[in-house]
Amino acid sequence: MSTTPPALDLLVFLGSVRDSTPPRPARLGLRVARACVVRLASQGHTVNLIDPLDFDLGGAFKPHFAHAQGTAPAPLDDLAGRIAAADGYVMVSPEYNHSMSPALAHLLNHFGSSLYAWKPSLIATYSAGQWGGARAAVNMRTFLAELGCLPVSAMIHVPKAQDVFDAKGGYAPGVGAARWNDYLDRGFQQLAWWAEAASRQRAEGVADRPGAFTRDPAQRNAP
């Protein structure tokens, strides 16, 4: 007997604040992120796009958890709640010097790992050229594992993304939408499988999560 997979609460993080060309368009990643949102929403999930340009992160670095309770900027407080409530994440990044986007790392670093922990993530990289940002994904695996939202084995790499997606996240004419959907769905299905399993585990015993530190990073130190 088949059952309908449960709807999940997913966040798609865009790792770009670029306002210069190349690439063309300057915010090429917005197309990729929107495509992820569109495809996941079509599968019945609640999906929200998190754009770093929606948050004022200038000036001295002060993460959300460093603010006294009730004093954090409202946008950061709201995003902290959304990260904590989400079932999983899609991390969309270009490649900068064989590494992930500094804009994405900067935004994610504003929140303690306990908010991300025990949920899966999916890596989605892109480029205007032929490599699709694949080298950034190597760096992202260790970063996301440290946050606690371990990435699933499948990844999405989109070379020449300007030729694949239009400005709204739909497919450009003639790219072969069916083949691209199959490719995206391999990652999305793994994300959904692990997210649903982790959600059940959290519901059965949130306080019993092994190895999670919720008070201080020293909780994970060796004796």
# chains A, B, ... in the order shown; residues from 1 in each chain; ligands from 1
$ residues_around --residues "Tyr96 of chain A" --least-positions-apart "2" --cutoff "12 Å" --atoms "only C-alpha atoms" --output "compact mmCIF listing (two decimals) with N, CA and C atoms, in the first residue's frame"
# COMPACT_ATOMS: atom_id res chain seq x y z
N GLY A 15 23.07 31.79 -1.65
CA GLY A 15 24.39 32.23 -1.24
C GLY A 15 24.99 33.25 -2.16
N SER A 16 24.27 34.32 -2.44
CA SER A 16 24.81 35.35 -3.33
C SER A 16 24.26 36.72 -2.97
N ARG A 18 25.77 39.26 -4.94
CA ARG A 18 26.54 39.89 -6.00
C ARG A 18 25.72 40.93 -6.76
N SER A 93 24.89 27.71 -3.67
CA SER A 93 26.12 28.50 -3.62
C SER A 93 26.86 28.48 -4.95
N PRO A 94 27.47 29.62 -5.31
CA PRO A 94 28.46 29.62 -6.37
C PRO A 94 29.81 29.17 -5.81
N HIS A 98 37.49 27.99 -5.19
CA HIS A 98 37.32 26.58 -4.81
C HIS A 98 36.58 26.42 -3.49
N SER A 99 35.87 27.44 -3.05
CA SER A 99 35.17 27.39 -1.77
C SER A 99 33.74 27.89 -1.93
N MET A 100 32.96 27.72 -0.87
CA MET A 100 31.58 28.17 -0.89
C MET A 100 31.49 29.69 -0.85
N SER A 101 30.33 30.19 -1.12
CA SER A 101 30.10 31.62 -1.11
C SER A 101 30.34 32.22 0.28
N PRO A 102 31.15 33.29 0.39
CA PRO A 102 31.32 33.93 1.70
C PRO A 102 30.02 34.53 2.21
N ALA A 103 29.13 34.93 1.32
CA ALA A 103 27.84 35.49 1.75
C ALA A 103 27.00 34.43 2.44
N LEU A 104 27.02 33.22 1.92
CA LEU A 104 26.25 32.13 2.54
C LEU A 104 26.84 31.76 3.89
N ALA A 105 28.16 31.62 3.95
CA ALA A 105 28.80 31.27 5.22
C ALA A 105 28.54 32.35 6.27
N THR A 125 25.02 23.72 -6.20
CA THR A 125 25.98 24.71 -6.66
C THR A 125 25.74 25.01 -8.14
N TYR A 126 26.31 26.12 -8.58
CA TYR A 126 26.07 26.56 -9.95
C TYR A 126 27.24 27.40 -10.43
N SER A 127 27.28 27.62 -11.74
CA SER A 127 28.27 28.53 -12.32
C SER A 127 27.77 29.01 -13.66
N GLY A 132 29.93 24.08 -12.87
CA GLY A 132 28.75 24.01 -12.02
C GLY A 132 29.02 24.23 -10.54
N GLY A 133 30.18 24.82 -10.21
CA GLY A 133 30.47 25.07 -8.80
C GLY A 133 30.81 23.84 -8.00
N ALA A 134 31.16 22.75 -8.66
CA ALA A 134 31.34 21.47 -7.96
C ALA A 134 32.41 21.52 -6.89
N ARG A 135 33.47 22.31 -7.10
CA ARG A 135 34.55 22.34 -6.11
C ARG A 135 34.10 23.02 -4.81
N ALA A 136 33.16 23.93 -4.91
CA ALA A 136 32.63 24.55 -3.68
C ALA A 136 31.93 23.52 -2.81
N ALA A 137 31.33 22.52 -3.45
CA ALA A 137 30.56 21.52 -2.70
C ALA A 137 31.45 20.72 -1.75
N ASN A 139 34.00 21.81 -0.02
CA ASN A 139 34.12 22.65 1.17
C ASN A 139 32.82 22.70 1.96
N MET A 140 31.70 22.72 1.26
CA MET A 140 30.40 22.84 1.93
C MET A 140 30.06 21.62 2.76
$ residues_around --residues "segment 151-158 of chain A" --least-positions-apart "5" --cutoff "9 Å" --atoms "only C-alpha atoms" --output "CSV table (one decimal) with C-alpha atoms, in the first residue's frame"
chain,number,residue,atom,x,y,z
A,32,VAL,CA,18.8,28.4,-9.3
A,89,TYR,CA,17.6,23.0,4.1
A,119,LYS,CA,18.1,17.8,10.1
A,120,PRO,CA,19.5,17.1,6.6
A,121,SER,CA,20.7,19.5,4.0
A,122,LEU,CA,21.2,19.4,0.2
A,123,ILE,CA,24.0,21.1,-1.6
A,124,ALA,CA,23.2,22.9,-4.8
A,125,THR,CA,26.0,24.7,-6.7
A,126,TYR,CA,26.1,26.6,-10.0
A,127,SER,CA,28.3,28.5,-12.3
A,128,ALA,CA,28.1,30.5,-15.5
A,130,GLN,CA,31.2,24.5,-17.3
A,131,TRP,CA,32.0,23.2,-13.8
A,132,GLY,CA,28.7,24.0,-12.0
A,133,GLY,CA,30.5,25.1,-8.8
A,134,ALA,CA,31.3,21.5,-8.0
A,137,ALA,CA,30.6,21.5,-2.7
A,140,MET,CA,30.4,22.8,1.9
A,141,ARG,CA,30.2,19.2,3.1
A,144,LEU,CA,27.3,21.9,6.9
A,145,ALA,CA,28.4,18.8,8.9
A,164,VAL,CA,19.1,26.4,-17.9
A,183,TYR,CA,18.3,15.2,-11.9
A,184,LEU,CA,16.9,17.7,-9.3
A,186,ARG,CA,17.4,12.7,-7.0
A,187,GLY,CA,18.6,15.2,-4.5
A,188,PHE,CA,15.2,16.4,-3.4
A,190,GLN,CA,17.0,12.1,-0.6
A,191,LEU,CA,16.5,15.3,1.3
A,194,TRP,CA,16.1,11.9,5.6
$ select_by_dssp --residues "segment 108-194 of chain A" --states "strand (DSSP E or B)" --output "PyMOL selection string"
chain A and resi 121-126+151+156-158+165+171
$ write_last_selection --atoms "C-alpha atoms" --output "tab-separated table (two decimals), in the first residue's frame"
chain	number	residue	atom	x	y	z
A	121	SER	CA	20.69	19.53	3.99
A	122	LEU	CA	21.16	19.38	0.23
A	123	ILE	CA	24.03	21.09	-1.58
A	124	ALA	CA	23.19	22.89	-4.83
A	125	THR	CA	25.98	24.71	-6.66
A	126	TYR	CA	26.07	26.56	-9.95
A	151	PRO	CA	24.28	16.97	3.59
A	156	ILE	CA	22.97	19.39	-7.58
A	157	HIS	CA	25.47	21.07	-9.90
A	158	VAL	CA	24.23	23.45	-12.58
A	165	PHE	CA	16.79	28.60	-15.83
A	171	TYR	CA	13.31	26.29	-17.51
$ residues_around --residues "Asn48 of chain A" --least-positions-apart "5" --cutoff "12 Å" --atoms "only C-alpha atoms" --output "PyMOL selection string"
chain A and resi 8-14+33-38+40-41+79+82-83+86-90
$ write_last_selection --atoms "N, CA and C atoms" --output "mmCIF file, in the first residue's frame"
data_model
loop_
_atom_site.group_PDB
_atom_site.id
_atom_site.type_symbol
_atom_site.label_atom_id
_atom_site.label_comp_id
_atom_site.auth_asym_id
_atom_site.auth_seq_id
_atom_site.Cartn_x
_atom_site.Cartn_y
_atom_site.Cartn_z
ATOM 1 N N LEU A 8 6.848 18.759 4.073
ATOM 2 C CA LEU A 8 7.937 19.207 4.927
ATOM 3 C C LEU A 8 8.069 20.722 4.869
ATOM 4 N N ASP A 9 8.666 21.274 5.914
ATOM 5 C CA ASP A 9 8.979 22.698 5.976
ATOM 6 C C ASP A 9 10.450 22.849 5.614
ATOM 7 N N LEU A 10 10.733 23.422 4.447
ATOM 8 C CA LEU A 10 12.095 23.484 3.930
ATOM 9 C C LEU A 10 12.510 24.934 3.669
ATOM 10 N N LEU A 11 13.768 25.220 3.922
ATOM 11 C CA LEU A 11 14.333 26.530 3.637
ATOM 12 C C LEU A 11 15.381 26.397 2.541
ATOM 13 N N VAL A 12 15.302 27.273 1.543
ATOM 14 C CA VAL A 12 16.299 27.332 0.484
ATOM 15 C C VAL A 12 17.130 28.590 0.707
ATOM 16 N N PHE A 13 18.390 28.402 1.077
ATOM 17 C CA PHE A 13 19.297 29.522 1.327
ATOM 18 C C PHE A 13 20.027 29.892 0.042
ATOM 19 N N LEU A 14 19.924 31.151 -0.347
ATOM 20 C CA LEU A 14 20.649 31.654 -1.510
ATOM 21 C C LEU A 14 21.982 32.224 -1.049
ATOM 22 N N ALA A 33 18.066 29.154 -7.085
ATOM 23 C CA ALA A 33 17.308 29.058 -5.838
ATOM 24 C C ALA A 33 15.808 29.030 -6.104
ATOM 25 N N ARG A 34 15.359 29.890 -7.002
ATOM 26 C CA ARG A 34 13.934 29.903 -7.329
ATOM 27 C C ARG A 34 13.506 28.602 -7.980
ATOM 28 N N ALA A 35 14.360 28.018 -8.797
ATOM 29 C CA ALA A 35 14.031 26.731 -9.410
ATOM 30 C C ALA A 35 13.861 25.650 -8.346
ATOM 31 N N CYS A 36 14.712 25.674 -7.321
ATOM 32 C CA CYS A 36 14.581 24.713 -6.221
ATOM 33 C C CYS A 36 13.261 24.925 -5.485
ATOM 34 N N VAL A 37 12.911 26.172 -5.232
ATOM 35 C CA VAL A 37 11.656 26.478 -4.543
ATOM 36 C C VAL A 37 10.471 25.979 -5.360
ATOM 37 N N VAL A 38 10.488 26.266 -6.652
ATOM 38 C CA VAL A 38 9.370 25.876 -7.525
ATOM 39 C C VAL A 38 9.197 24.360 -7.547
ATOM 40 N N LEU A 40 10.325 21.998 -5.400
ATOM 41 C CA LEU A 40 9.940 21.427 -4.110
ATOM 42 C C LEU A 40 8.494 21.759 -3.755
ATOM 43 N N ALA A 41 8.064 22.975 -4.059
ATOM 44 C CA ALA A 41 6.672 23.347 -3.786
ATOM 45 C C ALA A 41 5.712 22.510 -4.616
ATOM 46 N N LEU A 79 14.391 34.755 11.623
ATOM 47 C CA LEU A 79 15.076 33.714 10.870
ATOM 48 C C LEU A 79 15.541 32.590 11.791
ATOM 49 N N ARG A 82 12.709 30.330 12.200
ATOM 50 C CA ARG A 82 12.423 29.563 10.983
ATOM 51 C C ARG A 82 13.433 28.440 10.788
ATOM 52 N N ILE A 83 14.705 28.723 11.110
ATOM 53 C CA ILE A 83 15.720 27.674 11.020
ATOM 54 C C ILE A 83 15.416 26.551 12.000
ATOM 55 N N ALA A 86 12.350 24.433 10.775
ATOM 56 C CA ALA A 86 12.436 23.769 9.476
ATOM 57 C C ALA A 86 12.802 22.295 9.620
ATOM 58 N N ASP A 87 12.401 21.512 8.629
ATOM 59 C CA ASP A 87 12.741 20.087 8.592
ATOM 60 C C ASP A 87 14.017 19.807 7.809
ATOM 61 N N GLY A 88 14.443 20.752 6.983
ATOM 62 C CA GLY A 88 15.639 20.542 6.171
ATOM 63 C C GLY A 88 15.963 21.792 5.383
ATOM 64 N N TYR A 89 17.139 21.755 4.742
ATOM 65 C CA TYR A 89 17.643 22.952 4.077
ATOM 66 C C TYR A 89 18.240 22.611 2.718
ATOM 67 N N VAL A 90 18.097 23.535 1.781
ATOM 68 C CA VAL A 90 18.824 23.480 0.512
ATOM 69 C C VAL A 90 19.772 24.664 0.509
#
$ atom_distance --atom1 "atom CA of Asp51 of chain A" --atom2 "atom CA of Gly170 of chain A"
18.4 Å
$ atom_distance --atom1 "atom CA of Ala203 of chain A" --atom2 "atom CA of Leu147 of chain A"
20.3 Å
$ residues_around --residues "segment 54-57 of chain A" --least-positions-apart "4" --cutoff "8 Å" --atoms "only C-alpha atoms" --output "PyMOL selection string"
chain A and resi 50+61+75-76+107
$ select_by_dssp --residues "segment 52-196 of chain A" --states "alpha helix (DSSP H)" --output "PyMOL selection string"
chain A and resi 74-85+102-108+113-116+134-147+161-164+177-196
$ residues_around --residues "Asp163 of chain A" --least-positions-apart "2" --cutoff "8 Å" --atoms "only C-alpha atoms" --output "ChimeraX atom specification"
/A:160-161,165-166,172,175
$ closest_residue --among "A:Thr142, A:Gly169, A:Ala84, A:Gln69" --to "Arg202 of chain A" --atoms "only C-alpha atoms"
A:Ala84
$ closest_residue --among "A:His64, A:Arg179, A:Lys168, A:His45" --to "Ala192 of chain A" --atoms "only C-alpha atoms"
A:His45
